$ cat query.cif   # mmCIF, C-alpha atoms
data_start
#
loop_
_atom_site.label_atom_id
_atom_site.label_comp_id
_atom_site.auth_asym_id
_atom_site.auth_seq_id
_atom_site.Cartn_x
_atom_site.Cartn_y
_atom_site.Cartn_z
CA MET A 673 27.06 -26.43 -2.99
CA ASN A 674 27.21 -24.98 0.54
CA ALA A 675 30.96 -24.37 0.31
CA ASP A 676 30.58 -21.70 -2.34
CA PRO A 677 28.41 -18.66 -1.60
CA PRO A 678 25.47 -18.55 -4.02
CA ARG A 679 25.38 -15.57 -6.35
CA ILE A 680 21.93 -14.01 -5.99
CA ALA A 681 20.30 -11.01 -7.63
CA TYR A 682 17.72 -9.02 -5.70
CA LEU A 683 15.22 -7.46 -8.11
CA VAL A 684 12.83 -4.78 -6.85
CA ASN A 685 10.48 -2.48 -8.74
CA ILE A 686 11.91 0.58 -6.99
CA TYR A 687 14.98 0.26 -4.77
CA PRO A 688 16.01 1.72 -2.45
CA MET A 689 13.12 3.80 -1.15
CA THR A 690 12.38 5.36 2.22
CA SER A 691 9.29 3.24 2.95
CA ALA A 692 11.00 -0.08 2.13
CA SER A 693 13.84 -0.33 4.63
CA PHE A 694 12.68 -3.91 5.36
CA ILE A 695 13.95 -5.01 1.93
CA ARG A 696 17.37 -3.47 2.63
CA ARG A 697 17.52 -5.22 6.00
CA GLU A 698 16.64 -8.57 4.45
CA LEU A 699 19.14 -8.13 1.61
CA LEU A 700 21.93 -7.28 4.04
CA GLY A 701 20.86 -10.21 6.21
CA VAL A 702 21.11 -12.60 3.25
CA GLU A 703 24.59 -11.23 2.55
CA ALA A 704 25.59 -11.69 6.18
CA ALA A 705 24.30 -15.27 5.99
CA GLY A 706 26.76 -16.05 3.22
CA ALA A 707 25.29 -15.03 -0.14
CA ASP A 708 26.85 -12.78 -2.76
CA VAL A 709 24.08 -10.33 -3.68
CA VAL A 710 23.72 -8.22 -6.83
CA ARG A 711 21.25 -5.33 -6.56
CA VAL A 712 18.94 -4.51 -9.48
CA THR A 713 15.93 -2.21 -9.65
CA LEU A 714 13.62 -1.41 -12.52
CA ARG A 715 13.74 2.29 -11.72
CA ARG A 716 14.93 4.59 -8.96
CA TRP A 717 12.68 6.36 -6.49
CA ALA A 718 11.68 9.83 -7.68
CA THR A 719 11.66 11.29 -4.16
CA PRO A 720 15.07 12.28 -2.75
CA LEU A 721 16.47 9.70 -0.34
CA VAL A 722 17.17 10.94 3.17
CA ASP A 723 18.58 7.91 4.98
CA PRO A 724 22.36 7.33 4.76
CA ASP A 725 21.86 3.56 4.47
CA ASP A 726 19.48 4.03 1.54
CA LEU A 727 21.94 6.39 -0.13
CA ALA A 728 24.68 3.76 0.24
CA GLU A 729 22.43 1.09 -1.30
CA ASP A 730 21.50 3.43 -4.14
CA ARG A 731 25.15 3.66 -5.14
CA ARG A 732 25.38 -0.15 -5.31
CA THR A 733 22.20 -0.65 -7.35
CA ARG A 734 21.77 -0.80 -11.14
CA ALA A 735 18.52 0.49 -12.64
CA ILE A 736 17.30 -1.20 -15.83
CA LEU A 737 15.28 1.73 -17.15
CA GLU A 738 18.37 3.92 -17.06
CA VAL A 739 19.52 2.19 -20.27
CA GLY A 740 16.80 4.21 -22.02
CA ALA A 741 14.58 3.30 -24.96
CA VAL A 742 17.56 2.60 -27.22
CA GLY A 743 19.10 0.26 -24.65
CA LEU A 744 15.82 -1.62 -24.19
CA ALA A 745 15.34 -1.98 -27.97
CA THR A 746 18.93 -3.12 -28.41
CA GLY A 747 18.56 -5.77 -25.72
CA LEU A 748 15.33 -7.00 -27.29
CA VAL A 749 16.81 -7.34 -30.79
CA LYS A 750 20.04 -8.90 -29.52
CA THR A 751 18.24 -11.53 -27.44
CA ALA A 752 15.82 -12.39 -30.25
CA ALA A 753 18.79 -12.94 -32.58
CA VAL A 754 20.97 -14.94 -30.17
CA ARG A 755 18.30 -17.21 -28.66
CA PRO A 756 15.25 -17.17 -30.96
CA ARG A 757 13.45 -20.18 -29.48
CA ARG A 758 13.77 -18.86 -25.95
CA PHE A 759 12.66 -15.43 -27.14
CA LEU A 760 9.49 -16.79 -28.75
CA SER A 761 8.69 -18.71 -25.55
CA ALA A 762 9.18 -15.56 -23.46
CA LEU A 763 7.10 -13.54 -25.93
CA ALA A 764 4.26 -16.02 -25.55
CA SER A 765 4.51 -15.70 -21.75
CA ALA A 766 4.45 -11.90 -21.99
CA VAL A 767 1.31 -11.99 -24.12
CA LYS A 768 -0.35 -14.49 -21.76
CA LEU A 769 0.39 -12.30 -18.74
CA GLY A 770 -0.67 -9.16 -20.60
CA ARG A 771 -4.07 -10.61 -21.45
CA ARG A 772 -4.91 -10.97 -17.77
CA GLY A 773 -5.46 -7.23 -17.24
CA ALA A 774 -8.69 -5.28 -17.65
CA SER A 775 -7.36 -3.64 -20.83
CA THR A 776 -5.86 -6.41 -22.93
CA GLY A 777 -4.11 -4.15 -25.43
CA ALA A 778 -2.49 -2.00 -22.79
CA GLY A 779 -1.59 -5.07 -20.73
CA ILE A 780 0.16 -6.76 -23.63
CA LEU A 781 2.04 -3.57 -24.51
CA ARG A 782 3.17 -3.17 -20.89
CA HIS A 783 4.41 -6.75 -20.78
CA LEU A 784 6.31 -6.28 -24.01
CA VAL A 785 8.17 -3.51 -22.19
CA TYR A 786 8.78 -5.97 -19.35
CA LEU A 787 10.16 -8.41 -21.93
CA ALA A 788 12.62 -5.76 -23.12
CA GLU A 789 13.62 -5.16 -19.49
CA ALA A 790 14.06 -8.93 -19.06
CA CYS A 791 16.43 -8.97 -22.05
CA VAL A 792 18.61 -6.30 -20.41
CA LEU A 793 18.44 -8.14 -17.09
CA LEU A 794 19.44 -11.41 -18.73
CA ASP A 795 22.64 -9.85 -20.07
CA TRP A 796 23.48 -8.32 -16.68
CA LEU A 797 22.88 -11.62 -14.87
CA ARG A 798 25.06 -13.49 -17.34
CA GLN A 799 27.89 -11.02 -16.80
CA ALA A 800 27.54 -11.30 -13.02
CA ARG A 801 27.15 -15.12 -13.14
CA VAL A 802 23.97 -14.93 -11.05
CA GLU A 803 22.46 -18.29 -10.08
CA HIS A 804 19.12 -17.19 -8.62
CA VAL A 805 16.90 -14.10 -8.71
CA HIS A 806 14.75 -13.07 -5.77
CA ALA A 807 12.15 -10.38 -6.51
CA HIS A 808 10.09 -8.34 -4.07
CA TYR A 809 6.40 -7.69 -4.76
CA GLY A 810 4.37 -9.90 -7.07
CA THR A 811 3.96 -7.11 -9.62
CA ASN A 812 6.16 -5.90 -12.49
CA GLY A 813 9.53 -6.92 -11.00
CA THR A 814 8.37 -10.51 -10.70
CA ALA A 815 6.99 -10.39 -14.24
CA VAL A 816 10.45 -9.35 -15.44
CA ALA A 817 12.05 -12.19 -13.43
CA LEU A 818 9.60 -14.69 -14.96
CA LEU A 819 10.29 -13.48 -18.50
CA CYS A 820 14.04 -13.52 -17.86
CA ARG A 821 13.69 -17.14 -16.76
CA ALA A 822 11.76 -17.93 -19.95
CA LEU A 823 14.64 -16.40 -21.93
CA GLY A 824 17.03 -18.87 -20.32
CA GLY A 825 17.94 -16.90 -17.21
CA PRO A 826 18.32 -18.31 -13.71
CA PRO A 827 15.46 -19.60 -11.55
CA PHE A 828 13.59 -17.06 -9.49
CA SER A 829 11.53 -16.68 -6.35
CA PHE A 830 9.50 -13.73 -5.14
CA THR A 831 8.03 -12.19 -2.01
CA THR A 832 4.50 -10.81 -1.94
CA HIS A 833 3.63 -8.15 0.59
CA GLY A 834 0.08 -6.96 -0.08
CA PRO A 835 -2.30 -5.40 -0.32
CA GLU A 836 -1.79 -4.64 -4.04
CA GLU A 837 -1.16 -8.29 -4.95
CA PHE A 838 -4.28 -9.39 -3.08
CA ASP A 839 -6.47 -6.75 -4.76
CA GLY A 840 -5.81 -8.03 -8.29
CA PRO A 841 -4.29 -11.53 -8.15
CA ARG A 842 -5.59 -12.73 -11.51
CA ALA A 843 -4.78 -9.49 -13.32
CA LEU A 844 -1.23 -9.77 -11.96
CA GLY A 845 -1.02 -13.42 -12.97
CA LEU A 846 0.01 -14.55 -9.51
CA ASP A 847 -0.93 -18.12 -10.36
CA LEU A 848 1.35 -18.06 -13.42
CA LYS A 849 4.17 -16.47 -11.44
CA ILE A 850 3.92 -19.03 -8.64
CA ALA A 851 3.85 -21.88 -11.17
CA ALA A 852 7.00 -20.60 -12.90
CA SER A 853 8.89 -19.81 -9.69
CA ALA A 854 11.21 -21.99 -7.65
CA PHE A 855 9.11 -20.93 -4.67
CA ALA A 856 6.99 -17.99 -3.54
CA VAL A 857 7.13 -16.15 -0.22
CA ALA A 858 4.46 -14.47 1.88
CA ILE A 859 5.28 -12.25 4.87
CA SER A 860 2.45 -13.58 7.05
CA GLU A 861 0.13 -16.54 7.36
CA PHE A 862 -2.65 -14.30 6.07
CA GLY A 863 -0.54 -13.54 3.00
CA ARG A 864 0.12 -17.22 2.43
CA SER A 865 -3.62 -17.95 2.61
CA GLN A 866 -4.28 -15.32 -0.06
CA LEU A 867 -1.71 -16.83 -2.43
CA ARG A 868 -3.05 -20.32 -1.86
CA ARG A 869 -6.47 -19.16 -3.03
CA TRP A 870 -5.22 -18.81 -6.59
CA VAL A 871 -3.21 -21.98 -7.19
CA PRO A 872 -4.05 -25.71 -7.15
CA HIS A 873 -3.58 -27.54 -3.88
CA ASP A 874 -0.54 -29.41 -5.21
CA GLN A 875 1.32 -26.07 -5.42
CA TRP A 876 0.61 -24.98 -1.85
CA THR A 877 3.94 -26.36 -0.62
CA LYS A 878 5.77 -23.89 -2.89
CA ILE A 879 4.38 -20.98 -0.86
CA ARG A 880 6.50 -20.30 2.23
CA VAL A 881 6.43 -17.67 4.99
CA VAL A 882 9.45 -15.44 5.57
CA ARG A 883 8.56 -12.55 7.83
CA CYS A 884 9.96 -9.06 7.47
CA GLY A 885 12.63 -8.62 10.12
CA LEU A 886 14.37 -6.07 12.28
CA ASP A 887 18.07 -5.80 13.06
CA PRO A 888 19.80 -5.28 16.44
CA THR A 889 19.31 -1.50 16.25
CA PHE A 890 15.68 -2.31 17.12
CA LEU A 891 15.88 -5.72 18.77
CA LYS A 892 18.71 -5.02 21.20
CA VAL A 893 17.98 -1.60 22.63
CA ASP A 894 17.73 -0.43 26.22
CA PRO A 895 14.17 0.49 27.21
CA VAL A 896 13.29 4.18 26.98
CA PRO A 897 10.60 5.35 29.44
CA ILE A 898 7.26 6.27 27.91
CA PRO A 899 6.66 10.01 28.18
CA GLU A 900 3.97 11.55 30.36
CA ALA A 901 3.27 14.00 27.53
CA PRO A 902 0.19 13.02 25.47
CA ARG A 903 2.09 12.48 22.23
CA LEU A 904 1.08 10.06 19.46
CA VAL A 905 2.73 9.33 16.13
CA CYS A 906 1.59 7.86 12.83
CA VAL A 907 4.15 6.78 10.22
CA GLY A 908 3.02 5.90 6.72
CA ARG A 909 2.25 6.93 3.19
CA PHE A 910 -0.53 9.46 2.74
CA ALA A 911 -2.68 7.18 0.59
CA GLU A 912 -6.26 5.94 0.83
CA GLN A 913 -5.35 2.45 2.06
CA LYS A 914 -3.61 3.89 5.15
CA GLY A 915 -6.86 5.48 6.39
CA LEU A 916 -5.26 8.73 7.58
CA PRO A 917 -8.42 10.83 7.10
CA VAL A 918 -10.08 8.61 9.72
CA LEU A 919 -7.24 9.42 12.11
CA VAL A 920 -7.58 13.16 11.50
CA GLU A 921 -11.33 12.90 12.13
CA ALA A 922 -10.63 11.03 15.36
CA ALA A 923 -8.19 13.78 16.34
CA GLY A 924 -11.00 16.29 15.78
CA ALA A 925 -13.29 14.21 17.99
CA LEU A 926 -10.64 14.13 20.74
CA LYS A 927 -10.34 17.89 20.61
CA ASP A 928 -14.13 18.34 20.74
CA ARG A 929 -14.21 16.16 23.87
CA GLY A 930 -11.55 18.22 25.58
CA VAL A 931 -8.78 15.58 25.41
CA ASP A 932 -5.25 16.96 25.42
CA PHE A 933 -2.95 15.41 22.79
CA GLU A 934 -0.26 15.98 20.17
CA LEU A 935 -0.23 13.95 16.96
CA THR A 936 2.65 13.83 14.46
CA LEU A 937 2.10 12.41 10.97
CA VAL A 938 5.38 11.23 9.42
CA GLY A 939 5.33 10.58 5.69
CA GLY A 940 3.82 11.99 2.55
CA GLY A 941 1.90 11.02 -0.55
CA PRO A 942 -1.07 11.74 -2.79
CA LEU A 943 -3.51 12.62 0.02
CA GLN A 944 -1.29 15.29 1.57
CA GLY A 945 -3.40 18.18 0.25
CA GLU A 946 -6.60 16.61 1.54
CA ILE A 947 -5.03 15.89 4.93
CA GLU A 948 -3.84 19.49 5.26
CA ALA A 949 -7.30 20.76 4.31
CA MET A 950 -8.92 18.52 6.95
CA ILE A 951 -6.51 19.76 9.61
CA ASP A 952 -7.43 23.35 8.78
CA ARG A 953 -11.18 22.61 8.64
CA LEU A 954 -11.09 20.93 12.05
CA ASP A 955 -8.85 23.64 13.50
CA LEU A 956 -6.13 21.16 14.45
CA ARG A 957 -2.98 23.06 13.48
CA ASP A 958 -2.01 23.36 17.16
CA ARG A 959 -2.52 19.60 17.71
CA VAL A 960 -1.52 17.80 14.49
CA ARG A 961 1.89 18.22 12.88
CA LEU A 962 3.00 17.04 9.43
CA ALA A 963 6.67 16.06 9.62
CA GLY A 964 7.21 14.85 6.04
CA TRP A 965 9.47 11.94 5.13
CA ARG A 966 12.20 11.33 7.68
CA SER A 967 15.28 9.15 8.00
CA ASN A 968 15.06 5.86 9.91
CA ALA A 969 16.87 7.45 12.85
CA GLU A 970 14.39 10.32 12.96
CA VAL A 971 11.40 7.98 12.72
CA ARG A 972 12.85 6.03 15.61
CA ASP A 973 13.06 9.21 17.70
CA TYR A 974 9.47 10.15 16.88
CA ILE A 975 8.30 6.71 18.03
CA LEU A 976 10.33 6.84 21.25
CA ASN A 977 8.99 10.31 22.05
CA SER A 978 5.41 9.08 21.76
CA ARG A 979 3.10 7.02 23.94
CA ALA A 980 1.98 4.81 21.06
CA LEU A 981 2.11 4.36 17.30
CA VAL A 982 -1.19 4.79 15.46
CA LEU A 983 -1.86 3.13 12.10
CA PRO A 984 -5.53 3.22 10.98
CA SER A 985 -5.05 1.16 7.80
CA PHE A 986 -7.83 -0.16 5.56
CA ALA A 987 -5.56 -2.64 3.76
CA GLU A 988 -2.09 -3.96 4.52
CA GLY A 989 0.30 -6.84 4.33
CA LEU A 990 1.97 -6.60 7.74
CA PRO A 991 3.41 -3.10 8.33
CA VAL A 992 7.05 -3.04 9.35
CA VAL A 993 6.54 0.18 11.30
CA LEU A 994 4.34 -1.79 13.72
CA MET A 995 7.25 -4.16 14.33
CA GLU A 996 9.58 -1.21 14.86
CA ALA A 997 7.28 0.47 17.37
CA LEU A 998 6.71 -2.70 19.37
CA ALA A 999 10.43 -3.51 19.35
CA LEU A 1000 11.07 -0.05 20.80
CA GLY A 1001 8.60 -0.74 23.60
CA ARG A 1002 5.69 1.29 22.26
CA PRO A 1003 2.21 -0.24 21.98
CA ALA A 1004 0.27 0.16 18.75
CA VAL A 1005 -3.23 1.31 17.91
CA THR A 1006 -4.19 -0.22 14.59
CA THR A 1007 -6.87 -2.16 12.71
CA TRP A 1008 -8.15 -5.72 12.31
CA VAL A 1009 -6.83 -6.22 8.76
CA ALA A 1010 -4.58 -8.68 6.93
CA GLY A 1011 -1.62 -9.98 8.95
CA ILE A 1012 -1.78 -7.31 11.68
CA PRO A 1013 -3.61 -9.52 14.26
CA GLU A 1014 -0.75 -12.03 13.95
CA LEU A 1015 1.46 -9.42 15.64
CA VAL A 1016 -0.71 -6.98 17.58
CA ARG A 1017 -2.83 -8.52 20.31
CA PRO A 1018 -5.50 -6.37 21.95
CA GLY A 1019 -4.94 -5.79 25.63
CA GLU A 1020 -1.51 -7.40 25.45
CA ASN A 1021 0.61 -5.12 23.28
CA GLY A 1022 -1.86 -2.76 21.66
CA TRP A 1023 -5.35 -1.95 20.48
CA LEU A 1024 -7.15 -3.31 17.42
CA VAL A 1025 -10.15 -1.41 16.03
CA PRO A 1026 -12.42 -1.91 13.02
CA PRO A 1027 -11.01 -0.14 9.97
CA SER A 1028 -12.82 3.09 9.00
CA SER A 1029 -14.51 3.49 12.42
CA VAL A 1030 -13.82 7.00 13.69
CA GLU A 1031 -15.62 6.29 16.95
CA ALA A 1032 -13.72 3.08 17.74
CA LEU A 1033 -10.41 4.75 16.94
CA THR A 1034 -11.31 7.75 19.11
CA VAL A 1035 -12.13 5.47 22.06
CA ALA A 1036 -8.83 3.58 21.67
CA LEU A 1037 -6.81 6.81 21.49
CA ARG A 1038 -8.52 8.12 24.62
CA GLU A 1039 -7.53 4.92 26.43
CA VAL A 1040 -3.91 5.32 25.33
CA LEU A 1041 -3.82 8.94 26.44
CA ALA A 1042 -5.43 8.09 29.79
CA ALA A 1043 -3.20 5.08 30.55
CA SER A 1044 -0.30 5.37 32.95
CA PRO A 1045 3.23 5.20 31.54
CA ALA A 1046 3.77 2.07 33.67
CA ASP A 1047 0.83 0.27 32.03
CA LEU A 1048 1.96 1.31 28.56
CA GLU A 1049 5.53 0.19 29.30
CA ALA A 1050 4.24 -3.24 30.34
CA MET A 1051 2.43 -3.50 27.01
CA GLY A 1052 5.58 -2.32 25.26
CA ARG A 1053 7.69 -5.05 26.89
CA ARG A 1054 5.26 -7.72 25.74
CA GLY A 1055 5.29 -6.25 22.25
CA ALA A 1056 9.09 -6.20 22.12
CA ALA A 1057 9.23 -9.85 23.20
CA ARG A 1058 6.77 -10.86 20.47
CA VAL A 1059 8.72 -9.02 17.78
CA ALA A 1060 12.02 -10.52 18.92
CA GLU A 1061 10.46 -13.98 18.74
CA ARG A 1062 8.95 -13.57 15.26
CA HIS A 1063 10.78 -10.82 13.37
CA ASP A 1064 14.54 -11.18 13.80
CA VAL A 1065 15.99 -10.35 10.37
CA ALA A 1066 18.99 -12.63 10.86
CA ILE A 1067 16.70 -15.63 11.43
CA GLU A 1068 14.35 -14.73 8.58
CA ALA A 1069 17.23 -14.06 6.15
CA ASP A 1070 18.73 -17.44 7.06
CA LYS A 1071 15.38 -19.05 6.26
CA LEU A 1072 15.20 -17.36 2.87
CA LEU A 1073 18.77 -18.25 1.96
CA ALA A 1074 18.17 -21.87 3.00
CA MET A 1075 15.18 -21.98 0.64
CA ILE A 1076 17.30 -20.58 -2.20
CA ARG A 1077 20.08 -23.10 -1.52
CA GLU A 1078 17.54 -25.90 -1.39
CA SER A 1079 16.05 -24.88 -4.74
CA LEU A 1080 19.51 -24.55 -6.33
CA ALA A 1081 20.43 -28.03 -5.12
CA ARG A 1082 17.55 -29.34 -7.24
CA GLU A 1083 18.60 -27.27 -10.27
CA PRO A 1084 21.28 -28.51 -12.71
CA ARG A 1085 24.14 -26.01 -12.68
CA ASP A 1086 23.90 -25.33 -16.40
CA ALA A 1087 20.28 -24.25 -15.88
CA ARG A 1088 21.19 -21.69 -13.19
CA GLU A 1089 23.51 -19.35 -15.06
CA PRO A 1090 22.43 -17.78 -18.35
CA GLN A 1091 24.93 -18.58 -21.07
CA ALA A 1092 25.77 -16.12 -23.80
CA ALA A 1093 24.72 -18.24 -26.76
CA ARG A 1094 22.24 -20.78 -25.36
CA ALA A 1095 19.10 -20.63 -27.49
#

$ encode --input "query.cif" --output "structure tokens"
Amino acid sequence: MNADPPRIAYLVNIYPMTSASFIRRELLGVEAAGADVVRVTLRRWATPLVDPDDLAEDRRTRAILEVGAVGLATGLVKTAAVRPRRFLSALASAVKLGRRGASTGAGILRHLVYLAEACVLLDWLRQARVEHVHAHYGTNGTAVALLCRALGGPPFSFTTHGPEEFDGPRALGLDLKIAASAFAVAISEFGRSQLRRWVPHDQWTKIRVVRCGLDPTFLKVDPVPIPEAPRLVCVGRFAEQKGLPVLVEAAGALKDRGVDFELTLVGGGPLQGEIEAMIDRLDLRDRVRLAGWRSNAEVRDYILNSRALVLPSFAEGLPVVLMEALALGRPAVTTWVAGIPELVRPGENGWLVPPSSVEALTVALREVLAASPADLEAMGRRGAARVAERHDVAIEADKLLAMIRESLAREPRDAREPQAARA
């Protein structure tokens, strides 16, 4: 078993995408650890990619929805004809998952589309002789992996990140997905606790922790002095759960109190118009800059040119950008939510504030701006040490691959690879 590299498919809802470089790092880490990895996405990201590494991954990735409606219908009919018993079993699973949503009719229809996608995936996996599928996010990609398994495809595992999975666990059928999987992965102890809430105790051992990791470009870098300039940076999607309006309000409070600062917001998203309007209303155009989406190298430079990273999130899994900032020797100002306190420790490598509190965030930002570079660098060193200890992608990828190998060792070989005519 260990002599031959396992043939694994990575399945992601949207891959690659600018805000999910952690998946690319893990995938490449699993390859470096000895696996042969096939890349599959349900659809491509609509926003143009800017990072060269993402562009390279995009060229290596197949997108199921690019087969079009005719391709999906053809796969559905072909699979139903070739393996009717398996198809009926998968159809029953699709209906069961679809009934979990708030709108039963719409949920069933959506899962019938997932079943068609699973039929296309099954054919691709058979051609590539894939032995195991690993999906990221416990949403539609994992539903497709589950249905592909029901059709006779290879065993699957999946990684949950949050917060989406934790907001609607029953509607997403997380209990059904965990039960059907070889194992399930959380990226933090908090995440594991949330998955354990929805399954019987005898399934708790199936839920493992594999943390998101960083590569040597972050973990093995020479320290860069923290600037005297009062610069701060926030990196994230402009969406409600990231709490950016609270940060803009805090920036307004800093200005009203006569505090000198510069704040750069890197990213974009549905709240961009509202954020721009707030900046104008609070007269912050000379203090707050919107940089848009940037490549990983540019994000790195923004972090290094700042005193601290700010992330005022309302809901999270465990943000990778916090790991990146700490690894680069920059403390973080963030919130007491989800898995964040497992990484950021107040007074040691950053500040933790209650989510949605403008006043608490303002106080923390004032402390960062008033601190000496030497004090901030000491916090940064402690943060870098904690990230190196807990978030080395080579170590975490090895852990994931070991789990896959362990699960395959329990699986008869003829059950791993989908055969062309097995009903």

$ closest_residue --input "query.cif" --among "A:Ala963, A:Ala822, A:Ile736, A:Val792" --to "A:Lys750" --atoms "all atoms listed in the file"
A:Val792

$ resolve_selection --input "query.cif" --expression "the PyMOL selection byres ((chain A and resi 1026) around 6)" --output "PyMOL selection string"
chain A and resi 1007-1008+1025+1027+1029

$ resolve_selection --input "query.cif" --expression "the PyMOL selection byres ((chain A and resi 745) around 12)" --output "ChimeraX atom specification"
/A:737,739-744,746-752,784-792

$ atom_distance --input "query.cif" --atom1 "atom CA of A:Tyr809" --atom2 "atom CA of A:Thr733"
17.5 Å

$ closest_residue --input "query.cif" --among "A:Ala735, A:Ala766, A:Val802, A:Leu916" --to "A:Glu948" --atoms "all atoms listed in the file"
A:Leu916

$ atom_distance --input "query.cif" --atom1 "atom CA of A:Val896" --atom2 "atom CA of A:Glu1049"
9.0 Å

$ atom_distance --input "query.cif" --atom1 "atom CA of A:Asn968" --atom2 "atom CA of A:Asp894"
17.7 Å

$ resolve_selection --input "query.cif" --expression "the PyMOL selection byres ((chain A and resi 854) around 6)" --output "MDAnalysis selection string"
chainID A and resid 828:829 853 855

$ residues_near_point --input "query.cif" --point "(3.4, 16.3, 15.6)" --cutoff "8 Å" --atoms "all atoms listed in the file" --output "JSON, numbers by chain"
{"A": [903, 904, 905, 934, 935, 936, 937, 959, 960, 961, 962, 963]}

$ write_last_selection --input "query.cif" --atoms "C-alpha atoms" --output "CSV table (one decimal), in the coordinates of the input"
chain,number,residue,atom,x,y,z
A,903,ARG,CA,2.1,12.5,22.2
A,904,LEU,CA,1.1,10.1,19.5
A,905,VAL,CA,2.7,9.3,16.1
A,934,GLU,CA,-0.3,16.0,20.2
A,935,LEU,CA,-0.2,14.0,17.0
A,936,THR,CA,2.6,13.8,14.5
A,937,LEU,CA,2.1,12.4,11.0
A,959,ARG,CA,-2.5,19.6,17.7
A,960,VAL,CA,-1.5,17.8,14.5
A,961,ARG,CA,1.9,18.2,12.9
A,962,LEU,CA,3.0,17.0,9.4
A,963,ALA,CA,6.7,16.1,9.6

$ closest_atom_pairs --input "query.cif" --of "stretch 913-932 of chain A" --to "stretch 985-1005 of chain A" --cutoff "12 Å" --atoms "all atoms listed in the file" --output "CSV"
residue,atom,partner,partner_atom,distance
A:Gln913,CA,A:Phe986,CA,5.0
A:Lys914,CA,A:Ser985,CA,4.1
A:Gly915,CA,A:Ser985,CA,4.9
A:Leu916,CA,A:Ser985,CA,7.6
A:Pro917,CA,A:Ser985,CA,10.3
A:Val918,CA,A:Ser985,CA,9.2
A:Leu919,CA,A:Ser985,CA,9.6

$ residues_around --input "query.cif" --residues "A:Ser1079" --least-positions-apart "3" --cutoff "9 Å" --atoms "all atoms listed in the file" --output "list in words"
Pro827, Ala854, Phe855, Ala1074, Met1075, Ile1076, Arg1082 and Glu1083 of chain A

$ closest_residue --input "query.cif" --among "A:Ile951, A:Ala764, A:Met689, A:Ala1036" --to "A:Asp723" --atoms "all atoms listed in the file"
A:Met689
